[in-house]
Structures are given as structure tokens and as C-alpha cells.
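As C-alpha cells, the structure follows; a few thoughts come after it.
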Amino acid sequence: MLRYIAFRSLVALFLVWVVVTIVFLLLHLIPGDPAELLLSTGNVAADPQAVAALREQMGLNAPLWQQYLDHMAGVLTGDLGASFRDGAPVIEQIALRLPRTLEVILAASLIATGIGVPLGTYAAIRADGKADAVISFFASASLSTPVFVVGSVVILIFAQELKWLPAGGFVPFSEDPVEHFKLLLMPAGTVALSLLAVITRMSRASVLEVLQRDYVRTARAKGLSRAPILRRHVVRNALIPVLTVLGLEMGTLIGGTVLVEFVFNWPGLSGYLVSAVDARDYPEVVGIVMTISVLFVFLNLVVDVVNAMLDPRISLVR
Amino acid sequence: MKASTRKLILPGTIVALIIATVILAPVLPLQDTRGMDIPHRFAGPSAAHWLGQDEFGRDVLSRLIWGGRASLFIAVGSAVLAAIAGTALGLLGGYFRGAVELFTVRAAEIILCLPPLLLALLVVTILGAGTWPLILALTILYTPNYARVVYAATQQVRGLDFVTAQRAMGTHPLKILVRTILPNVLPPLLVQMSLVVASAMVIESGLSFLGLGVVPPTPSWGLMIRAARGAMEVAPLLLVWPSLALAGTILTFNLLCDRLQSALDPRAVTAGGALWLRPRSREAKKPVTPVAAPAEAPLLEISDMSIAVHDMELVRRVSLTVRPGETVALVGESGSGKTLTGLAMTGLLPDTLRVTGGSAVYTTRDGTAVDLAKLDEEGIRKLRGDEISMVFQDAAASLNPVLRIGDQLGEAIQAHHQISGEALQKRILDLLRHVGIPDPERRHRAYPHELSGGQRQRAMIALAVANNPRLLIADEPTTALDPTIQAQILQLFAQLKKDTPGMGMIFVTHDLAVVAEIADRVTVMYAGEVVEEGPVAEVFARPRHPYTAALISSVPESGAERLTAIPGTVPSPRNMPTGCRFAPRCGFATAECESRSPKAEHPAADRVTRCFRWENVT
């Protein structure tokens with residue numbers, strides 16, 4: 001088990017290194033001078049002398065390999081550099097905004113799993129019946145509707161027409177917990193809807209598969225009644241692939257909540273990335289992308305380890 | 001036309017309609033997408049403007065169609081480009097492997113390490129917004145998907161004989177790739193394509209919505225939604241139209257993908273559910289009123305029981321009697337219906353099968369007679385694992401892989417007894433010891449995969465005897481085991497019989513050597529019928545059916561002078577002979593055998609044979 005985790009961690013570290021390197025190269029090899037971009041306002045060209053001074057100050061004149069080494073050394077010591085825009089340490093902004101994005105994703109995952117697993121199981125039990133057809137259609141429909149469409153329609157209904165919830169924004173938990181959760185509800189619900197569809201479909205397929213297994217027949221042969229068979233034998237085994245998918249989806253969401261954060265004015269990490277990319281703020285972009293990919297890779301690692309714990313066969317296989 | 005193909009028509013037609021509409025946009029009588037009409041901004045639907053006018057008074061319908069044209073162009077364009085790039089990478093990587101694989105497939109997979117929207121965002125902001133950067137971003141994004149699909153398919157195909165043969169004949173690798181592999185990977189590519197179009201539309205509209213995609217004033221659904229959000233209070237309908245168009249189009253492509261998948265790969269269609277989980281869906285069986293069994297009643301008496309799938313009879317009018325303490329062997333080739341007969345006794349038949357006639361009267365512990373074939377799920381559940389229990393063939397598959405052996409055992413006991421804690425633990429350990437699992441104090445915490453094959457089968461047997469059943473049905477319990485382990489398990493069964501004198505046993509097997517060792521009586525089945533029945537020693541000494549005789553002489557241990565295989569195969573239930581079912585393979589068959597079905601006859605008091613010529617057999 002330990003060896004398995006160690007091996008997977010090494011692979012994860014390698015992946016992070018590859019991603020960070022690619023992002024670094026991508027941003028440095030493309031045309032466009034950040035110093036010039038930073039100093040020019042509107043259509044007025046920047047003063048060449050000021051640009052040169054700024055380039056020197058930003059370390060952009062050093063050879064690429066040196067910039068790369070400096071950057072990697074910084075990454076290893078937890079220093080992601082200072083923002084070009086305001087000189088503030090990038091790590092601070094990330095530390096401030098990352099929890100907000102994670103909060104939305106976590107809340108959405110809880111909602112989606114809490115509803116999706118029972119719903120998918122029910123659809124599987126009633127496979128090919130009317131309830132199954134209805135559930136499957138809604139799953140397809142919500143999978144097919146982009147989050148910003150759902151978000152916009154949700155605002156139209158709950159904020160504008162019914163006036164139940166504020167249209168968007170953010171209040172820190174420490175200031176007003178009630179308002180905080182009120183504001184969290186719509187973005188989390190919106191993300192949850194598409195996640196719910198994925199979880200429901202996956203649970204349905206997985207339960208259907210497990211129902212055909214011999215050990216379910218054994219459980220019936222023991223004379224167990226429906227509830228314990230479903231709980232201990234069917235759902236427990238069916239959950240393994242569902243959790244894998246949930247973990248992968250959560251990883252995707254860490255960088256994929258851009259649209260939801262935009263729609264609901266939620267000041268999370270993704271929105272920060274959009275503005276950083278817009279301003280060509282290298283340290284910010286690299287820092288955020290690295291954070292996201294570390295989390296992404298780490299989540300995949302957690303999923304594998306949890307799988308190994310749920311399914312005792314895995315640790316033996318490796 | 002197959003049902004799965006027919007289901008393609010609806011999404012296929014809608015997709016064709018959508019594509020035709022956007023292609024024909026320039027020749028359709030649409031209003032100018034940029035023609036502003038400020039006085040009539042936010043006007044509702046009218047004869048001139050079917051879907052109303054937007055914040056600049058522009059015609060919504062015409063912008064919707066032209067917007068769809070932009071979205072679909074980008075989505076389909078990038079899907080095609082990514083398909084070309086991905087297929088090339090996948091083919092090369094899959095065919096050559098080694099270093100080529102590393103630089104094609106594995107390199108492409110790095111892209112999958114980044115959240116998709118994030119990557120598209122990076123590319124678009126680096127290159128600036130617009131249609132072509134979008135297409136490039138989406139192409140990069142979806143190339144690994146295709147590469148993976150094609151890579152996997154190529155791996156499969158390259159090992160096939162005809163590809164190896166071509167290579168041996170010196171055909172150029174490139175030619176092999178294009179000629180033989182490409183057509184084979186086309187179906188999964190098609191599925192992937194419709195999926196990519198749908199998800200490319202999601203990302204394209206999302207980026208346009210953020211203002212990073214299609215540049216205004218070119219209409220696009222994402223941009224229309226973005227604009228409509230600002231005017232939500234005035235004209236909520238403006239939000240509804242592009243949302244519907246976008247979600248509807250994506251839904252159609254997703255639907256097309258799903259149905260293509262099931263049309264191209266019928267195996268992927270999952271088997272539907274499980275009827276036992278739906279108490280009300282099975283045709284309501286009348287509650288069986290318990291009847292006191294006669295004093296000398298056998299433990300189980302199956303009479304004329306038939307089992308069928310739809311209209312096809314798999315088991316026909318089988319009769320079988322098990323008395324307390326008696327072991328009946330049920331013998332036959334695969335497909336003879338012996339396992340189905342066993343499963344029917346515990347109500348565990350697969351959903352599509354049902355008992356269509358006859359009865360299986362079982363005498364319970366408290367002396368009432370119940371018909372197992374007519375009990376409802378709850379009624380038979382109470383008997384299962386308690387009075388009647390089963391040992392299955394493949395213990396590895398029949399034990400839950402994620403539960404400890406001890407827990408699986410405890411749950412079987414608790415299903416029928418109020419027992420827990422220390423007492424339960426002691427019972428579990430006793431059981432494991434009883435079936436000969438060494439070191440039960442440690443082994444009860446083991447998972448099935450941590451046990452050897454023989455120990456797993458012992459655990460399976462412990463499950464079955466956990467509640468001291470009165471009838472034990474063992475379905476080929478030794479078939480999957482090594483010969484030495486087989487002997488040990490048979491010894492265990494013999495031991496169990498000795499320890500529990502009242503227990504009746506049905507031992508399903510195709511192995512006559514096992515029958516001689518363990519059974520008191522033997523019932524021989526052929527093609528769903530009982531062909532012979534009697535005490536083991538008598539049947540072996542003097543078989544009264546040609547099939548039994550043939551079976552005996554095909555066993556090495558039988559002492560027959562020459563081993564003879566039975567010619568031919570068991571007839572399929574679809575194609576049963578009209579007369580005696582064994583006639584086509586029988587050396588004794590006459591014209592009568594082929595025209596009429598023989599009835600059960602009694603050569604001796606406790607023997608049965610279904611043969612016209614039993615007197616001639618031995």
C-alpha cells in the first residue's frame with residue numbers, strides 16, 4: 001500500500017513538473033512583451049526607456065534558462081514571485097481566492113453525490129422503465145446545458161422573478177455567515193446540476209453492472225432482504241467507479257469554474273486567472289496554473305488511494 | 001432495421017435540419033443581422049420579427065441562425081481538424097509503439113492533465129479572441145481524445161492475424177495503416193466526433209460568453225446570452241431563445257453520440273435491472289396458504305416442473321425427489337438444464353426465465369408444505385440461506401470482493417437469527433473451523449482475494465451451511481478447482497453429510513466420478529429433460545438409457561474397455577427434435593424414436609427412464 005502511494009506520488013510530481021514547464025515556456029515563447037503591455041495605456045505607445053528599465057527590473061532580460069531555473073527554485077521554496085501588476089506576492093492572492101473556489105466545488109460535489117447516487121441507483125433498479133427514462137432524460141439535458149446558461153436562467157428565476165436570493169456577489173463567512181451561504185447557494189447549485197448528471201449516469205451504469213455480479217446472487221442466496229443487499233453489496237461496490245469519476249470531475253472543476261464565478265460575481269481563483277491572462281501577468285498566470293495542476297494531480301492521487309482502500313484487490317495487483 | 005438503428009433517426013434528422021438551416025442561412029429570407037432599429041429595441045415577437053428584437057433592435061431569429069452558423073462552424077471545424085491530427089498520432093503511436101508512442105500518444109495526453117476550459121482560455125488569450133484562435137484552441141484540446149481512441153483500437157487491430165500476415169508479406173507499414181486499420185477504427189471515431197462537436201460547442205459558447213471567443217458584431221449564441229443578461233429585467237425572452245438553441249443543439253449531438261454508440265457496439269448496452277428489486281412489478285403471485293405436510297413427505301418433491309425463457313422451454317417437465325438425509329446427484333452436459341433446476345429451487349433464476357408449470361413442494365422445518373415454484377420473493381427469501389441454501393461454482397466471483405470473509409458469514413447468520421457480538425463472533429469462528437479453514441481467528445478478517453481457491457470454496461460452503469440448512473444445493477462446487485483440492489472439497493461434503501444426518505443435498509455436476517463418490521441417487525438430465533433416475537449403484541451397474549450408458553463409458557474411471565465420446569452435440573432449445581431428444585445422437589434410435597417423444601417408464605420400483613428401447617440398452 002505504502003509503495004503504491006509512493007509510486008503514484010512520484011508520477012504525480014513528474015506531471016506537475018511537466019505542466020509547470022509547459023506553461024512557463026508557452027508564456028515566454030509567444031510574441032508580446034509584458035513590460036510594454038504593462039506600460040502602454042490605451043493606444044499610446046510606451047516610453048522605450050521605461051520599458052527597458054522595467055524589463056531589467058522584472059528579470060526579463062536574463063536568458064530563458066536562467067529565468068526558468070529562478071522560477072523553479074522559487075516554486076520549490078513556495079515563492080511564486082510578485083505580481084507584475086501590483087507587486088504583491090502571488091501566493092497571497094492564491095491563498096485568499098483558492099478556498100472560495102474550493103468551497104463552491106465542495107458544496108457542489110456534496111449536493112451532486114447526495115442526490116446523484118440514490119437517483120442513479122433508483123434509475124438502475126427501474127432500468128428501462130418510465131422513471132429511468134425521465135431521470136436519464138434530465139441527466140442528458142443538464143449535461144447538455146452549459147453552466148453559464150444554467151446560471152443565467154437560475155438568476156432570472158430565483159433572483160429576479162421570485163426574489164428569493166441575491167443575484168450574485170460574495171460576503172466572507174466571518175462577516176455574515178447567513179448571507180455567505182445564501183450567496184453560495186446559486187453558484188454551488190449551478191455547478192452541482194451538471195455534476196449531478198454525471199454522477200447519476202455513472203451510478204446507474206455502475207449499479208447495473210454490479211447487479212449482474214455473482215456475489216449479488218450469493219447475497220440473495222443468503223436470504224438477505226433488499227435493503228442490506230443494496231447497501232452492503234450493490235451500492236458499496238458500485239461506488240468505486242463513481243468516486244473515481246467524482247474525483248476527476250472535481251479536478252476539472254478547479255480550473256473550470258471560470259464561467260460560474262463570472263456569472264455569479266464570485267471572486268474565486270478562476271476569475272483571477274482570467275484577469276491575469278488578460279494582463280499577461282506571468283508570475284500570476286504561472287502561479288495559478290501551477291496551483292490548479294498540483295491540485296488536479298493531487299486529487300487524482302487521492303482518488304486512486306481511496307479506491308485502493310475501498311477495493312482491497314487493487315493494492316495487491318500493483 | 002434494428003431498433004438501435006431506428007433510434008438514430010430522430011437525433012440524426014434534427015442534426016441534419018440544424019446543419020441544413022445554418023448552411024442555407026445566406027439564401028434564407030432572413031433580415032440583416034446588423035440592421036439596427038433603435039426605436040424598436042426590446043420589441044417582442046411580431047410578424048416581421050418572429051422572435052422579437054434585441055437591445056439594438058436587431059432581428060433575433062436571424063441572429064440566432066447566423067449565430068448557430070458561427071458556433072457550428074467552429075465546433076465542427078475543430079472536431080474535424082482534431083480528428084485528423086488525433087487519428088494520425090494514434091495510428092502512428094499504436095502501430096509503431098516504443099519511442100514513437102511516447103512522442104505521439106503520451107505527449108498528447110499531457111494536454112489531458114489540464115482542465116479543458118483553462119487550456120482553451122490560455123490559448124485564446126495568447127493568440128487573441130476570434131474564430132481561428134478558437135478553432136486552434138479546440139483542436140489542441142480534443143486531439144488527445146481521438147489519439148487515445150484510435151490508439152486503443154489500433155492496438156487491438158495490429159495483433160489480428162490479417163495484419164500480421166500483411167506485414168509478413170512485406171507490405172509497407174503506411175499502407176497497412178491506411179488500408180486495414182483505418183476502416184476498423186472508424187466506428188469509435190464517429191462516436192468520438194459527435195461527442196467532440198457537442199463539448200466544443202460548450203467551450204466555444206462559454207468563451208464567447210466571457211468575451212474571449214467570437215468577436216462582435218458577428219452573432220454568436222454565447223454573445224447573445226451575454227448581452228441578454230444585461231437586459232434581463234426588460235426582456236427576459238432574449239435570454240431564453242439563445243439558451244434554448246444552445247442547449248437543444250448540444251443535447252441533440254449528445255443524443256446522437258449515445259445512440260451511435262449503442263448502434264455500433266451492441267455489447268455496450270447494459271442488461272436491464274433486476275426484477276427482484278421491484279416487488280410490485282412481477283405478476284402478483286397469490287399468497288400460498290400453508291398446508292400441513294403428510295408425515296412421510298419427502299423433503300422436496302419436484303413434479304413436472306418446466307422453465308422457459310419467453311416461449312422457449314429450457315427445462316421440460318422435470319421430476320425429482322429428495323428425502324431427508326439423501327444426496328441426489330443431478331448430472332448432465334452443459335445446457336442440460338441442471339443448474340437452472342437448482343436455481344429455481346431458491347428463486348434465483350435470471351429475470352428472463354420463469355417456472356412455467358409443475359410444482360416443487362418443499363416440507364419446511366415446522367412441517368408445512370410450500371410450493372417453491374409459486375412462492376413470492378419475500379416468501380422464498382425467508383427460506384433462502386436458512387432452510388435451503390446454495391453453494392455456487394465460482395467462489396472467487398461469488399464472494400463480495402470488498403467485504404471480509406467473517407463479515408459475509410456474519411451477515412448470513414444475522415439474516416435469519418437475532419445474534420450479535422461475542423456469540424456471533426464465536427459462531428463465525430466455529431463455522432470456519434468446521435469447513436476446515438486453518439487459523440480462523442486470523443482468516444475471518446481476510447478478504448476473498450487473500451484466500452486460496454480451495455479456501456474460498458470452503459468459505460463459500462461455510463456461508464451455505466451457516467444456518468444448518470435442511471436442503472443444500474451444490475452447483476458444480478468442485479469444477480473450478482484443481483484435482484487435489486477437488487478431492488478435499490468432496491471430503492468436506494461427505495463430512496458435512498455425516499455431521500448433519502437430516503440434511504438433503506442436490507449435487508449438480510457433470511462429473512460421474514464425483515457422483516459415485518458422494519450421491520445416493522442420481523438423476524440424469526439431457527436437453528432439459530430427465531432421462532434416467534435411480535440409485536447410484538444400480539444406475540452405474542445397469543444404465544437404462546443410452547445417454548447414461550454413453551456418459552458412463554466416456555469416463556476414464558468407469559473401467560470401460562474403450563473410452564467413447566458421445567457423437568454430436570446437445571440440441572439447441574430453438575431446434576429441439578420432435579421425437580426423443582437424444583435420438584439424433586443415439587445408436588439405438590429407431591423410426592419411432594424420431595417421431596414420438598418417449599414417456600417415463602419404470603424398469604424397476606425406484607427407477608425411471610425415458611426411452612422406448614431401455615430393455616436393449618444393457
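Numbering starts fresh at 1 for the residues of each chain in the C-alpha cells, the chains themselves are lettered A, B, ... in the order given, and ligands are numbered from 1 as they appear.
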Inset, instruction - For chain A, work out the contacting residues on chain B at 6 Å, counting only C-alpha atoms, and write them as a PyMOL selection string. - result: chain B and resi 115+117-118+202+243+247+250-251+272-273+381+384-385+397-400+402+412+415
Just the selected residues (C-alpha atoms), exported as a short mmCIF file (atom, residue, chain, number, x, y, z; two decimals), in the first residue's frame, please.
```
data_model
loop_
_atom_site.label_atom_id
_atom_site.label_comp_id
_atom_site.auth_asym_id
_atom_site.auth_seq_id
_atom_site.Cartn_x
_atom_site.Cartn_y
_atom_site.Cartn_z
CA PRO B 115 -8.71 21.39 -17.09
CA LEU B 117 -11.59 25.31 -20.22
CA LEU B 118 -8.36 26.52 -18.65
CA VAL B 202 -19.99 24.17 -24.79
CA SER B 243 -30.23 29.37 -24.29
CA ALA B 247 -28.81 23.58 -25.02
CA ILE B 250 -25.81 20.24 -27.70
CA LEU B 251 -28.44 17.82 -26.40
CA GLY B 272 -31.70 -4.16 -17.69
CA GLY B 273 -32.03 -4.03 -13.92
CA ARG B 381 -36.28 -15.13 0.84
CA ARG B 384 -33.11 -18.99 1.38
CA GLY B 385 -29.92 -19.35 3.36
CA ALA B 397 -16.83 -14.37 -8.26
CA SER B 398 -19.49 -15.38 -5.78
CA LEU B 399 -17.92 -13.73 -2.76
CA ASN B 400 -18.10 -9.97 -2.37
CA VAL B 402 -14.77 -5.71 -0.71
CA ALA B 412 -25.72 -14.71 6.51
CA ALA B 415 -30.28 -12.60 8.14
#
```
Any idea what's packed within 10 Å of Thr484 of chain B, counting only C-alpha atoms, ignoring anything in its chain fewer than 4 positions away? Could you give it as a PDB file with N, CA and C atoms, in the first residue's frame?
```pdb
ATOM      1  N   GLY B 454      -9.114 -23.098  -2.958  1.00  0.00           N
ATOM      2  CA  GLY B 454      -9.763 -24.109  -2.135  1.00  0.00           C
ATOM      3  C   GLY B 454     -10.378 -23.503  -0.886  1.00  0.00           C
ATOM      4  N   GLN B 488     -10.389 -32.782  -1.728  1.00  0.00           N
ATOM      5  CA  GLN B 488     -10.564 -32.266  -0.362  1.00  0.00           C
ATOM      6  C   GLN B 488     -11.964 -31.716  -0.146  1.00  0.00           C
ATOM      7  N   ILE B 489     -12.459 -30.991  -1.151  1.00  0.00           N
ATOM      8  CA  ILE B 489     -13.787 -30.391  -1.009  1.00  0.00           C
ATOM      9  C   ILE B 489     -14.854 -31.491  -0.968  1.00  0.00           C
TER      10      ILE B 489
END
```
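Our summary of the geometry notes that atom CA of Leu102 of chain A is positioned 14.1 Å from atom CA of Phe181 of chain A.
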Per-residue nearest contacts of segment 508-556 of chain B to segment 322-339 of chain B (8 Å; only C-alpha atoms) as a Markdown table:
```
| residue | atom | partner | partner_atom | distance |
| --- | --- | --- | --- | --- |
| B:Val508 | CA | B:Leu330 | CA | 4.6 |
| B:Thr509 | CA | B:Val331 | CA | 5.3 |
| B:His510 | CA | B:Val331 | CA | 5.2 |
| B:Asp511 | CA | B:Val331 | CA | 7.4 |
| B:Leu512 | CA | B:Val331 | CA | 7.5 |
| B:Val515 | CA | B:Ala329 | CA | 6.1 |
| B:Ile518 | CA | B:Thr327 | CA | 7.3 |
| B:Ala519 | CA | B:Thr327 | CA | 4.9 |
| B:Asp520 | CA | B:Thr327 | CA | 5.3 |
| B:Arg521 | CA | B:Val328 | CA | 4.8 |
| B:Val522 | CA | B:Ala329 | CA | 4.6 |
| B:Thr523 | CA | B:Leu330 | CA | 5.0 |
| B:Val524 | CA | B:Val331 | CA | 4.7 |
| B:Met525 | CA | B:Gly332 | CA | 5.0 |
| B:Tyr526 | CA | B:Ser336 | CA | 4.9 |
| B:Ala527 | CA | B:Ser336 | CA | 4.4 |
| B:Gly528 | CA | B:Gly337 | CA | 4.8 |
| B:Glu529 | CA | B:Ser336 | CA | 7.4 |
```
Legend entry - Interatomic distance (Å, one decimal) between atom CA of Ala228 of chain B and atom CA of Ile38 of chain B: 15.8 Å
Inset, instruction - Would you kindly return, as a list in words, each protein, DNA or RNA residue with an atom no farther than 9 Å from any atom of Ala192 of chain A, considering only C-alpha atoms and excluding same-chain residues fewer than 5 positions away? - result: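 The filter keeps Ile105, Ala107, Ala108, Ser109, Leu110, Ile111, Ala112, Thr113, Pro187 and Ala197 of chain A.
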Legend entry - Distance criterion (only C-alpha atoms): nearest to Asn61 of chain A out of A:Glu284, A:Thr200, A:His28, A:Leu119: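 Once distances to Asn61 of chain A are computed over only C-alpha atoms, the minimum belongs to A:His28.
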Inset, instruction - For atom CA of Thr346 of chain B and atom CA of Ile380 of chain B, quote the distance in Å rounded to one decimal. - result: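 Atom CA of Thr346 of chain B sits 6.8 Å away from atom CA of Ile380 of chain B.
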Inset, instruction - Can you check which residues of segment 135-312 of chain A DSSP gives as helix (DSSP H, G or I) on the backbone and send them as a ChimeraX atom specification? - result: /A:135-144,147-161,177-211,214-221,226-256,258-263,269-278,282-310,312
Legend entry - Selected residue, from B:Leu320, B:Val240, B:Met505, B:Ala274, that lies nearest to Asp351 of chain B when counting only C-alpha atoms: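 Nearest candidate to Asp351 of chain B out of B:Leu320, B:Val240, B:Met505, B:Ala274: B:Ala274.
Between His310 of chain B and the residues B:Val149, B:Arg574, B:Glu377, B:Val100, the shortest atom-to-atom distance, using only C-alpha atoms, involves B:Arg574.
Near Val465 of chain B, within 8 Å and counting only C-alpha atoms, sit Gly385, Ser389, Ile461, Pro469 and Leu472 of chain B, not including residues fewer than 4 positions from it in the same chain.
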Go ahead and dump the residues you just picked, C-alpha atoms, as a PDB file, in the first residue's frame.
```pdb
ATOM      1  CA  GLY B 385     -29.920 -19.349   3.355  1.00  0.00           C
ATOM      2  CA  SER B 389     -29.041 -22.859   0.671  1.00  0.00           C
ATOM      3  CA  ILE B 461     -19.594 -23.707   1.838  1.00  0.00           C
ATOM      4  CA  PRO B 469     -29.946 -25.810   6.161  1.00  0.00           C
ATOM      5  CA  LEU B 472     -28.201 -27.905   0.385  1.00  0.00           C
TER       6      LEU B 472
END
```
Legend entry - Selection near Leu403 of chain B, 8 Å with only C-alpha atoms, sequence-local residues under 4 positions removed, as a VMD selection string: chain B and resid 407 to 408 447 to 448
Mind writing the picked residues with N, CA and C atoms as a PDB file, in the first residue's frame?
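What follows is the written file out05.pdb:
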```pdb
ATOM      1  N   ASP B 407     -17.301 -11.070   7.919  1.00  0.00           N
ATOM      2  CA  ASP B 407     -18.486 -10.220   7.826  1.00  0.00           C
ATOM      3  C   ASP B 407     -19.533 -10.818   6.898  1.00  0.00           C
ATOM      4  N   GLN B 408     -19.060 -11.422   5.801  1.00  0.00           N
ATOM      5  CA  GLN B 408     -20.016 -12.021   4.867  1.00  0.00           C
ATOM      6  C   GLN B 408     -20.717 -13.203   5.520  1.00  0.00           C
ATOM      7  N   TYR B 447      -9.867 -10.792   3.141  1.00  0.00           N
ATOM      8  CA  TYR B 447     -10.745 -10.538   2.002  1.00  0.00           C
ATOM      9  C   TYR B 447     -10.672 -11.751   1.073  1.00  0.00           C
ATOM     10  N   PRO B 448     -11.723 -11.985   0.287  1.00  0.00           N
ATOM     11  CA  PRO B 448     -11.721 -13.187  -0.563  1.00  0.00           C
ATOM     12  C   PRO B 448     -10.447 -13.363  -1.389  1.00  0.00           C
TER      13      PRO B 448
END
```
